[in-house]
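Below is the file target-v3.txt, which contains compact mmCIF, C-alpha atoms.
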# COMPACT_ATOMS: atom_id res chain seq x y z
CA MET A 30 21.27 37.66 -88.42
CA SER A 31 17.73 36.96 -89.40
CA GLU A 32 16.32 40.31 -88.35
CA HIS A 33 17.65 43.73 -87.43
CA PRO A 34 15.25 45.78 -85.29
CA ALA A 35 15.09 49.46 -86.19
CA ALA A 36 15.98 50.46 -82.62
CA LEU A 37 19.19 48.42 -82.65
CA ALA A 38 22.35 50.41 -83.36
CA HIS A 39 24.86 48.70 -85.63
CA GLN A 40 27.68 48.39 -83.10
CA PHE A 41 25.69 46.03 -80.87
CA ASP A 42 25.11 42.31 -81.37
CA ASP A 43 21.56 42.36 -80.13
CA ILE A 44 19.02 44.48 -78.27
CA GLU A 45 19.98 42.91 -74.91
CA GLN A 46 23.61 43.97 -75.28
CA GLN A 47 22.55 47.46 -76.33
CA HIS A 48 20.32 47.77 -73.28
CA GLU A 49 23.05 46.47 -70.99
CA ALA A 50 25.54 49.03 -72.33
CA ALA A 51 23.08 51.92 -71.91
CA SER A 52 22.11 50.86 -68.40
CA LEU A 53 25.76 50.49 -67.37
CA GLY A 54 26.57 53.94 -68.76
CA MET A 55 23.68 55.44 -66.81
CA TRP A 56 24.94 53.84 -63.62
CA LEU A 57 28.43 55.24 -64.22
CA PHE A 58 26.87 58.69 -64.51
CA LEU A 59 24.92 58.07 -61.30
CA VAL A 60 28.17 57.12 -59.54
CA THR A 61 29.55 60.58 -60.38
CA GLU A 62 26.32 61.99 -58.96
CA ILE A 63 26.81 59.93 -55.79
CA MET A 64 30.23 61.53 -55.39
CA PHE A 65 28.83 65.01 -56.10
CA PHE A 66 26.10 64.80 -53.46
CA GLY A 67 28.46 62.76 -51.26
CA GLY A 68 30.77 65.75 -51.00
CA LEU A 69 27.86 67.92 -49.85
CA PHE A 70 26.74 65.33 -47.30
CA LEU A 71 30.32 65.09 -46.03
CA GLY A 72 30.65 68.87 -45.65
CA TYR A 73 27.33 68.97 -43.83
CA THR A 74 28.45 66.17 -41.47
CA ILE A 75 31.73 67.90 -40.63
CA TYR A 76 30.13 71.27 -39.86
CA ARG A 77 27.23 69.68 -38.01
CA SER A 78 29.70 67.87 -35.73
CA ALA A 79 31.67 71.11 -35.28
CA TYR A 80 28.60 73.27 -34.46
CA PRO A 81 25.97 70.82 -33.15
CA ASN A 82 23.88 73.38 -31.24
CA GLY A 83 23.50 75.92 -34.01
CA PHE A 84 22.73 73.24 -36.59
CA ALA A 85 20.15 71.64 -34.28
CA ALA A 86 18.53 75.05 -33.69
CA GLY A 87 18.39 75.71 -37.43
CA SER A 88 17.05 72.21 -38.07
CA ARG A 89 14.29 72.65 -35.48
CA SER A 90 13.09 75.80 -37.23
CA LEU A 91 12.22 73.72 -40.32
CA ASP A 92 8.67 72.39 -40.62
CA VAL A 93 8.74 68.57 -40.32
CA LYS A 94 5.18 68.43 -41.66
CA TRP A 95 6.19 69.72 -45.11
CA GLY A 96 9.37 67.64 -45.17
CA ALA A 97 7.43 64.45 -44.37
CA ILE A 98 4.69 65.21 -46.90
CA ASN A 99 7.34 65.83 -49.55
CA THR A 100 9.05 62.53 -48.70
CA ALA A 101 5.73 60.72 -49.16
CA VAL A 102 5.07 62.57 -52.44
CA LEU A 103 8.49 61.60 -53.76
CA ILE A 104 8.10 57.95 -52.75
CA GLY A 105 4.74 58.01 -54.53
CA SER A 106 6.41 59.37 -57.67
CA SER A 107 8.95 56.53 -57.53
CA LEU A 108 6.05 54.09 -57.42
CA THR A 109 4.35 55.65 -60.47
CA MET A 110 7.72 55.63 -62.27
CA ALA A 111 8.22 51.93 -61.50
CA LEU A 112 4.73 51.30 -62.88
CA ALA A 113 5.61 53.40 -65.96
CA VAL A 114 8.63 51.15 -66.59
CA ARG A 115 6.39 48.11 -66.25
CA ALA A 116 3.87 49.59 -68.70
CA ALA A 117 6.72 50.23 -71.15
CA GLN A 118 8.03 46.67 -70.78
CA LEU A 119 4.56 45.33 -71.54
CA GLY A 120 4.18 47.73 -74.47
CA LYS A 121 1.11 49.46 -73.01
CA ARG A 122 1.32 52.91 -74.57
CA LYS A 123 -1.55 54.67 -72.81
CA ALA A 124 -0.62 53.33 -69.36
CA LEU A 125 2.97 54.45 -69.97
CA VAL A 126 1.88 58.00 -70.87
CA GLY A 127 -0.49 58.06 -67.89
CA PHE A 128 2.13 57.00 -65.37
CA LEU A 129 4.70 59.41 -66.81
CA LEU A 130 2.22 62.28 -66.44
CA LEU A 131 1.42 61.16 -62.89
CA THR A 132 5.12 61.08 -62.03
CA MET A 133 5.55 64.61 -63.40
CA LEU A 134 2.52 65.76 -61.43
CA LEU A 135 3.90 64.37 -58.16
CA GLY A 136 7.30 65.88 -58.93
CA SER A 137 5.63 69.24 -59.46
CA VAL A 138 3.74 68.92 -56.16
CA PHE A 139 7.10 68.34 -54.44
CA LEU A 140 8.59 71.44 -56.07
CA GLY A 141 5.48 73.48 -55.19
CA ILE A 142 5.81 72.56 -51.52
CA LYS A 143 9.53 73.35 -51.69
CA VAL A 144 8.73 76.82 -53.07
CA LYS A 145 6.30 77.35 -50.19
CA GLU A 146 9.00 76.35 -47.70
CA TYR A 147 11.54 78.66 -49.34
CA ASP A 148 8.98 81.47 -49.18
CA GLU A 149 8.54 80.92 -45.43
CA LYS A 150 12.30 81.09 -44.96
CA TRP A 151 12.37 84.33 -46.95
CA VAL A 152 9.63 85.86 -44.76
CA HIS A 153 11.43 84.83 -41.55
CA HIS A 154 14.82 86.16 -42.81
CA HIS A 155 16.29 82.65 -42.74
CA VAL A 156 17.78 82.99 -46.22
CA PRO A 157 21.59 83.32 -45.93
CA GLY A 158 22.95 86.75 -46.73
CA GLY A 159 22.89 90.32 -45.44
CA SER A 160 19.33 90.22 -44.16
CA PHE A 161 19.73 86.92 -42.33
CA HIS A 162 18.29 86.98 -38.84
CA PHE A 163 17.96 84.12 -36.36
CA GLU A 164 16.76 84.36 -32.75
CA GLY A 165 18.86 82.69 -30.06
CA PRO A 166 22.47 82.30 -29.00
CA HIS A 167 23.60 80.37 -32.09
CA ALA A 168 22.62 82.76 -34.89
CA GLN A 169 25.97 82.54 -36.73
CA GLU A 170 26.07 78.76 -36.63
CA ALA A 171 22.43 78.59 -37.77
CA HIS A 172 23.43 80.88 -40.65
CA LEU A 173 25.85 78.16 -41.77
CA PHE A 174 23.12 75.53 -41.40
CA PHE A 175 20.91 77.48 -43.78
CA VAL A 176 23.72 77.80 -46.31
CA PHE A 177 23.84 74.00 -46.41
CA TYR A 178 20.05 73.74 -46.34
CA PHE A 179 19.56 75.97 -49.35
CA PHE A 180 22.46 74.59 -51.33
CA MET A 181 21.58 70.92 -50.79
CA THR A 182 17.82 71.23 -51.26
CA GLY A 183 18.47 73.65 -54.13
CA MET A 184 20.75 71.18 -55.93
CA HIS A 185 18.19 68.45 -55.30
CA ALA A 186 15.34 70.59 -56.65
CA THR A 187 17.45 71.45 -59.72
CA HIS A 188 17.83 67.73 -60.40
CA MET A 189 14.07 67.33 -60.12
CA VAL A 190 13.42 70.17 -62.57
CA ILE A 191 15.80 68.48 -65.03
CA GLY A 192 14.01 65.17 -64.41
CA ILE A 193 10.62 66.71 -65.18
CA GLY A 194 12.11 68.18 -68.36
CA ILE A 195 13.34 64.71 -69.40
CA PHE A 196 9.92 63.24 -68.63
CA THR A 197 8.24 65.87 -70.79
CA VAL A 198 10.29 64.77 -73.80
CA LEU A 199 9.71 61.08 -73.02
CA THR A 200 5.96 61.56 -72.59
CA VAL A 201 5.69 63.13 -76.05
CA LYS A 202 7.77 60.29 -77.53
CA ALA A 203 5.71 57.68 -75.68
CA TRP A 204 2.48 59.27 -76.94
CA ARG A 205 3.80 59.03 -80.50
CA GLY A 206 4.48 55.34 -79.95
CA ARG A 207 8.28 55.46 -80.10
CA PHE A 208 8.65 52.90 -77.33
CA THR A 209 7.78 49.22 -77.65
CA SER A 210 8.09 46.22 -75.40
CA LEU A 211 11.33 45.53 -77.31
CA TYR A 212 12.81 49.03 -77.05
CA HIS A 213 12.11 51.30 -74.07
CA THR A 214 15.61 51.90 -72.71
CA PRO A 215 15.15 55.70 -72.30
CA ILE A 216 12.20 55.08 -69.96
CA GLU A 217 14.28 52.76 -67.78
CA LEU A 218 17.23 55.17 -67.70
CA ALA A 219 14.96 58.08 -66.74
CA ALA A 220 13.56 55.89 -63.95
CA LEU A 221 17.09 55.21 -62.71
CA TYR A 222 17.78 58.97 -62.63
CA TRP A 223 14.50 59.75 -60.88
CA ASP A 224 15.03 57.05 -58.24
CA PHE A 225 18.55 58.34 -57.60
CA VAL A 226 17.16 61.82 -56.96
CA GLU A 227 14.65 60.20 -54.61
CA ILE A 228 17.46 58.47 -52.69
CA VAL A 229 19.22 61.81 -52.22
CA TRP A 230 16.04 63.16 -50.63
CA ILE A 231 15.69 60.02 -48.46
CA PHE A 232 18.96 61.10 -46.81
CA LEU A 233 18.35 64.85 -46.92
CA PHE A 234 15.07 64.55 -45.02
CA PRO A 235 16.41 62.96 -41.79
CA LEU A 236 19.69 64.91 -41.91
CA LEU A 237 18.07 68.33 -42.35
CA TYR A 238 14.68 67.94 -40.66
CA LEU A 239 14.80 65.12 -38.12
CA ILE A 240 18.19 64.87 -36.37
CA GLY A 241 18.21 67.03 -33.26
CA ARG A 242 14.44 67.39 -33.29
CA HIS A 243 13.97 65.90 -29.79
CA GLN A 244 16.26 68.39 -28.01
CA MET B 3 19.97 41.83 -68.99
CA THR B 4 17.03 39.52 -68.52
CA HIS B 5 14.00 41.71 -68.68
CA GLN B 6 12.49 41.02 -65.33
CA ILE B 7 9.10 42.68 -65.11
CA VAL B 8 8.35 43.66 -61.53
CA SER B 9 4.76 42.93 -60.59
CA PRO B 10 2.52 45.81 -59.45
CA LYS B 11 1.95 43.90 -56.22
CA LEU B 12 5.67 44.02 -55.40
CA CYS B 13 5.83 47.72 -56.36
CA LEU B 14 2.96 48.51 -54.00
CA LEU B 15 4.54 46.43 -51.24
CA ILE B 16 7.85 48.31 -51.55
CA PHE B 17 5.93 51.60 -51.64
CA ALA B 18 4.04 50.65 -48.44
CA ILE B 19 7.25 49.63 -46.62
CA LEU B 20 8.94 52.90 -47.67
CA MET B 21 5.97 54.90 -46.31
CA VAL B 22 5.96 53.00 -43.00
CA LEU B 23 9.72 53.54 -42.64
CA THR B 24 9.29 57.28 -43.29
CA ALA B 25 6.54 57.51 -40.68
CA SER B 26 8.61 55.62 -38.10
CA ASN B 27 11.62 57.83 -38.85
CA VAL B 28 9.52 60.93 -38.10
CA GLY B 29 8.08 59.29 -34.97
CA VAL B 30 11.45 58.22 -33.54
CA ALA B 31 12.87 61.72 -34.13
CA TYR B 32 10.69 63.11 -31.32
CA VAL B 33 11.94 60.58 -28.75
CA ASP B 34 15.15 61.51 -26.96
CA LEU B 35 17.56 58.59 -27.41
CA GLY B 36 20.80 60.57 -27.22
CA ARG B 37 23.34 59.57 -29.86
CA LEU B 38 21.10 56.70 -30.96
CA ASN B 39 18.79 59.20 -32.69
CA VAL B 40 21.31 59.88 -35.45
CA ILE B 41 22.15 56.20 -35.87
CA ILE B 42 18.49 55.13 -36.08
CA ALA B 43 17.55 57.94 -38.48
CA LEU B 44 20.41 57.07 -40.85
CA SER B 45 19.83 53.31 -40.55
CA ILE B 46 16.21 53.75 -41.59
CA ALA B 47 17.34 55.94 -44.51
CA VAL B 48 19.87 53.28 -45.59
CA CYS B 49 17.13 50.61 -45.51
CA GLN B 50 14.89 52.82 -47.65
CA ALA B 51 17.70 53.51 -50.11
CA LEU B 52 18.44 49.77 -50.36
CA LEU B 53 14.80 48.99 -51.15
CA VAL B 54 14.71 51.68 -53.85
CA ILE B 55 18.00 50.49 -55.38
CA LEU B 56 17.15 46.78 -55.34
CA TYR B 57 13.54 46.92 -56.51
CA PHE B 58 12.61 50.28 -58.06
CA MET B 59 15.99 50.59 -59.78
CA GLN B 60 15.90 46.81 -60.40
CA VAL B 61 19.52 46.25 -59.45
CA ARG B 62 18.46 42.93 -57.96
CA TYR B 63 17.62 41.75 -61.48
CA SER B 64 20.57 43.43 -63.20
CA SER B 65 23.76 41.86 -64.53
CA GLN B 66 26.77 41.17 -62.33
CA LEU B 67 28.67 43.99 -64.04
CA THR B 68 25.98 46.55 -63.16
CA LYS B 69 25.90 45.30 -59.57
CA LEU B 70 29.69 45.66 -59.38
CA VAL B 71 29.51 49.29 -60.60
CA VAL B 72 26.79 50.13 -58.07
CA VAL B 73 28.66 48.57 -55.16
CA ALA B 74 31.94 50.20 -56.27
CA GLY B 75 30.19 53.59 -56.41
CA PHE B 76 29.10 53.33 -52.81
CA CYS B 77 32.53 52.02 -51.77
CA TRP B 78 34.05 55.29 -53.05
CA LEU B 79 31.47 57.19 -51.01
CA VAL B 80 32.38 55.21 -47.88
CA LEU B 81 36.07 55.95 -48.54
CA LEU B 82 35.36 59.66 -49.01
CA ILE B 83 33.33 59.99 -45.82
CA GLY B 84 35.22 57.43 -43.73
CA LEU B 85 38.72 58.75 -44.33
CA THR B 86 37.73 62.42 -43.99
CA LEU B 87 35.87 61.86 -40.73
CA SER B 88 38.73 59.74 -39.38
CA ASP B 89 40.69 62.99 -39.56
CA PHE B 90 38.11 65.58 -38.43
CA LEU B 91 36.58 63.56 -35.59
CA THR B 92 39.88 62.49 -34.03
CA ARG B 93 41.70 65.84 -33.97
CA ASP B 94 41.10 66.47 -30.24
CA TRP B 95 42.10 62.99 -29.15
CA LEU B 96 45.73 63.91 -28.57
CA PRO B 97 47.04 67.25 -27.34
CA LEU B 98 49.27 69.24 -29.71
CA PRO B 99 52.96 68.89 -28.84
CA GLU B 100 54.83 71.88 -27.32
CA GLY B 101 55.81 74.59 -29.72
CA TRP B 102 52.86 74.19 -32.15
What is this file in structure tokens?
Amino acid sequence: MSEHPAALAHQFDDIEQQHEAASLGMWLFLVTEIMFFGGLFLGYTIYRSAYPNGFAAGSRSLDVKWGAINTAVLIGSSLTMALAVRAAQLGKRKALVGFLLLTMLLGSVFLGIKVKEYDEKWVHHHVPGGSFHFEGPHAQEAHLFFVFYFFMTGMHATHMVIGIGIFTVLTVKAWRGRFTSLYHTPIELAALYWDFVEIVWIFLFPLLYLIGRHQ
Amino acid sequence: MTHQIVSPKLCLLIFAILMVLTASNVGVAYVDLGRLNVIIALSIAVCQALLVILYFMQVRYSSQLTKLVVVAGFCWLVLLIGLTLSDFLTRDWLPLPEGW
């Protein structure tokens, strides 16, 4: 061993092996997340096939405009995150901080729009519970749709809030120059997490907003 | 892992394709295609997810072991959904026997 980089923990042979282990561990965590959201998607599918009319009615009451804008915002944040990873790999500190801030900004825009949507649901009494009210013959089934809607989008939004929290820490560290072209594993792992959350939304958007729209 | 650095050009290309796919998904949703609507919407979503996984999450440039974990993860998801739906969606296929 001619050199021992400061970022290299003693149990690893070299920085490549350390990175590989961290990345693999992150993916194992993401697999548990796949199963977590997978259970929700499965429950949604079963109840949607059992009560197609009520779910379609509930789905049609959502505003596609906001859902589509949010999808675009989230895809944009994945782009800025990919560019942040690239900046980290090239050791460009200011670009890295800039792209991290941009990603957080886009994430916040998404959450802001989500709050606006939730507020509309509140005003229209579409929030599940005692004051729930839905016009039409399928009110009870639509009630169930909104239980899924709020739980799934709520879990997704929670993941985004956590992601923005992680980015806040990473931005401070990046600003202080803790990441180099040799060591920037936390940036790459945060990107993996953020892109996973994006993939969840990629499926939530058509399932909640689009299917049954034409009826 | 070989540190493959994805070019900004490729990032922008993937971003553009993802946007176009989102727009077409919204567009198709307003056309009545019967059962095909669900299939098309989910197919487009799967394509988008694949692009994100392969390029933004850089699985395409990852080690074989990482690829194996990713594929195995989605195999478990297919098992979960496939086996459960094979029960729920086939319950009315045969009438219940007398006395049930």
Per residue of chain B within 8 Å of chain A, what are the shortest atom pair and its distance in Å to one decimal, counting only C-alpha atoms, with rows by chain and residue number, as a tab-separated table?
residue	atom	partner	partner_atom	distance
B:Met3	CA	A:Glu49	CA	5.9
B:Thr4	CA	A:Glu45	CA	7.8
B:Ile7	CA	A:Arg115	CA	6.2
B:Val8	CA	A:Arg115	CA	6.8
B:Ser9	CA	A:Arg115	CA	7.8
B:Pro10	CA	A:Leu112	CA	6.8
B:Cys13	CA	A:Leu108	CA	6.5
B:Leu14	CA	A:Leu108	CA	7.2
B:Phe17	CA	A:Leu108	CA	6.3
B:Leu20	CA	A:Ile104	CA	7.2
B:Met21	CA	A:Ala101	CA	6.5
B:Thr24	CA	A:Ala97	CA	7.5
B:Ala25	CA	A:Ala97	CA	7.9
B:Asn27	CA	A:Pro235	CA	7.6
B:Val28	CA	A:Leu239	CA	6.7
B:Ala31	CA	A:Leu239	CA	5.6
B:Tyr32	CA	A:His243	CA	4.6
B:Val33	CA	A:His243	CA	5.8
B:Asp34	CA	A:His243	CA	5.4
B:Asn39	CA	A:Ile240	CA	6.8
B:Val40	CA	A:Ile240	CA	6.0
B:Ala43	CA	A:Pro235	CA	6.1
B:Leu44	CA	A:Pro235	CA	7.2
B:Ala47	CA	A:Phe232	CA	5.9
B:Val48	CA	A:Phe232	CA	8.0
B:Gln50	CA	A:Ile231	CA	7.3
B:Ala51	CA	A:Ile228	CA	5.6
B:Val54	CA	A:Asp224	CA	6.9
B:Ile55	CA	A:Asp224	CA	7.7
B:Phe58	CA	A:Ala111	CA	5.8
B:Met59	CA	A:Leu221	CA	5.6
B:Ser65	CA	A:Glu49	CA	8.0
B:Leu67	CA	A:Leu53	CA	7.9
B:Thr68	CA	A:Leu53	CA	5.8
B:Val71	CA	A:Leu57	CA	7.0
B:Val72	CA	A:Trp56	CA	6.9
B:Gly75	CA	A:Val60	CA	5.1
B:Phe76	CA	A:Ile63	CA	7.6
B:Trp78	CA	A:Met64	CA	7.7
B:Leu79	CA	A:Met64	CA	6.3
B:Leu82	CA	A:Gly68	CA	7.9
B:Ile83	CA	A:Leu71	CA	5.9
B:Leu87	CA	A:Ile75	CA	7.3
B:Phe90	CA	A:Ile75	CA	7.1
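Put simply, atom CA of Tyr212 of chain A is 18.5 Å away from atom CA of Gly127 of chain A.
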Atom CA of Ile142 of chain A to atom CA of His172 of chain A: how many Å, to one decimal?
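According to the coordinates, atom CA of Ile142 of chain A and atom CA of His172 of chain A are separated by 22.3 Å.
For the pair atom CA of Gln60 of chain B and atom CA of Gln6 of chain B, the interatomic distance is 8.3 Å.
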Taking all atoms listed in the file into account, name the residue in A:Phe196, A:Phe208, A:Tyr73, A:Phe41 that is nearest to Val176 of chain A.
A:Tyr73
Given only C-alpha atoms as the counted atoms, nearest of A:Leu125, A:Ala38, A:Leu130, A:Met181 to Leu69 of chain A:
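The answer is A:Met181, which sits nearest to Leu69 of chain A.
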For Phe175 of chain A, please output as number ranges by chain all residues within 9 Å (counting only C-alpha atoms; exclusion window: fewer than 5 positions along the same chain).
A: 84, 87-88, 155-157, 170, 180
For Thr182 of chain A: contacts at 9 Å, only C-alpha atoms, fewer than 3 positions along chain excluded, given as an mmCIF file with C-alpha atoms, in the coordinates of the input:
data_model
loop_
_atom_site.group_PDB
_atom_site.id
_atom_site.type_symbol
_atom_site.label_atom_id
_atom_site.label_comp_id
_atom_site.auth_asym_id
_atom_site.auth_seq_id
_atom_site.Cartn_x
_atom_site.Cartn_y
_atom_site.Cartn_z
ATOM 1 C CA LYS A 143 9.530 73.350 -51.690
ATOM 2 C CA PHE A 177 23.840 74.000 -46.410
ATOM 3 C CA TYR A 178 20.050 73.740 -46.340
ATOM 4 C CA PHE A 179 19.560 75.970 -49.350
ATOM 5 C CA HIS A 185 18.190 68.450 -55.300
ATOM 6 C CA ALA A 186 15.340 70.590 -56.650
ATOM 7 C CA THR A 187 17.450 71.450 -59.720
ATOM 8 C CA TRP A 230 16.040 63.160 -50.630
ATOM 9 C CA LEU A 233 18.350 64.850 -46.920
#
Export segment 31-47 of chain B, N, CA and C atoms, as a compact mmCIF listing (two decimals), in the first residue's frame; it's the structure right above.
# COMPACT_ATOMS: atom_id res chain seq x y z
N ALA B 31 -54.40 9.13 -22.25
CA ALA B 31 -55.39 8.89 -21.21
C ALA B 31 -56.77 9.42 -21.58
N TYR B 32 -56.83 10.42 -22.48
CA TYR B 32 -58.12 11.01 -22.85
C TYR B 32 -58.77 10.30 -24.03
N VAL B 33 -58.07 9.32 -24.63
CA VAL B 33 -58.63 8.56 -25.74
C VAL B 33 -59.18 7.25 -25.18
N ASP B 34 -60.42 6.92 -25.57
CA ASP B 34 -61.02 5.70 -25.05
C ASP B 34 -60.52 4.49 -25.82
N LEU B 35 -59.70 3.67 -25.20
CA LEU B 35 -59.16 2.47 -25.85
C LEU B 35 -59.57 1.22 -25.08
N GLY B 36 -60.57 1.36 -24.20
CA GLY B 36 -61.01 0.20 -23.43
C GLY B 36 -59.93 -0.26 -22.47
N ARG B 37 -59.70 -1.57 -22.42
CA ARG B 37 -58.71 -2.13 -21.49
C ARG B 37 -57.29 -1.72 -21.85
N LEU B 38 -57.10 -1.36 -23.12
CA LEU B 38 -55.75 -0.98 -23.57
C LEU B 38 -55.22 0.24 -22.81
N ASN B 39 -56.13 1.11 -22.33
CA ASN B 39 -55.70 2.32 -21.63
C ASN B 39 -54.78 2.00 -20.46
N VAL B 40 -55.20 1.02 -19.65
CA VAL B 40 -54.39 0.65 -18.49
C VAL B 40 -53.04 0.11 -18.94
N ILE B 41 -53.08 -0.77 -19.95
CA ILE B 41 -51.85 -1.42 -20.41
C ILE B 41 -50.87 -0.39 -20.96
N ILE B 42 -51.38 0.55 -21.77
CA ILE B 42 -50.50 1.57 -22.36
C ILE B 42 -49.92 2.46 -21.26
N ALA B 43 -50.79 2.91 -20.34
CA ALA B 43 -50.33 3.81 -19.27
C ALA B 43 -49.21 3.16 -18.47
N LEU B 44 -49.39 1.87 -18.12
CA LEU B 44 -48.38 1.20 -17.30
C LEU B 44 -47.12 0.88 -18.12
N SER B 45 -47.30 0.57 -19.42
CA SER B 45 -46.14 0.30 -20.26
C SER B 45 -45.25 1.54 -20.36
N ILE B 46 -45.90 2.70 -20.57
CA ILE B 46 -45.12 3.94 -20.64
C ILE B 46 -44.39 4.17 -19.32
N ALA B 47 -45.08 3.93 -18.20
CA ALA B 47 -44.45 4.12 -16.89
C ALA B 47 -43.26 3.18 -16.72
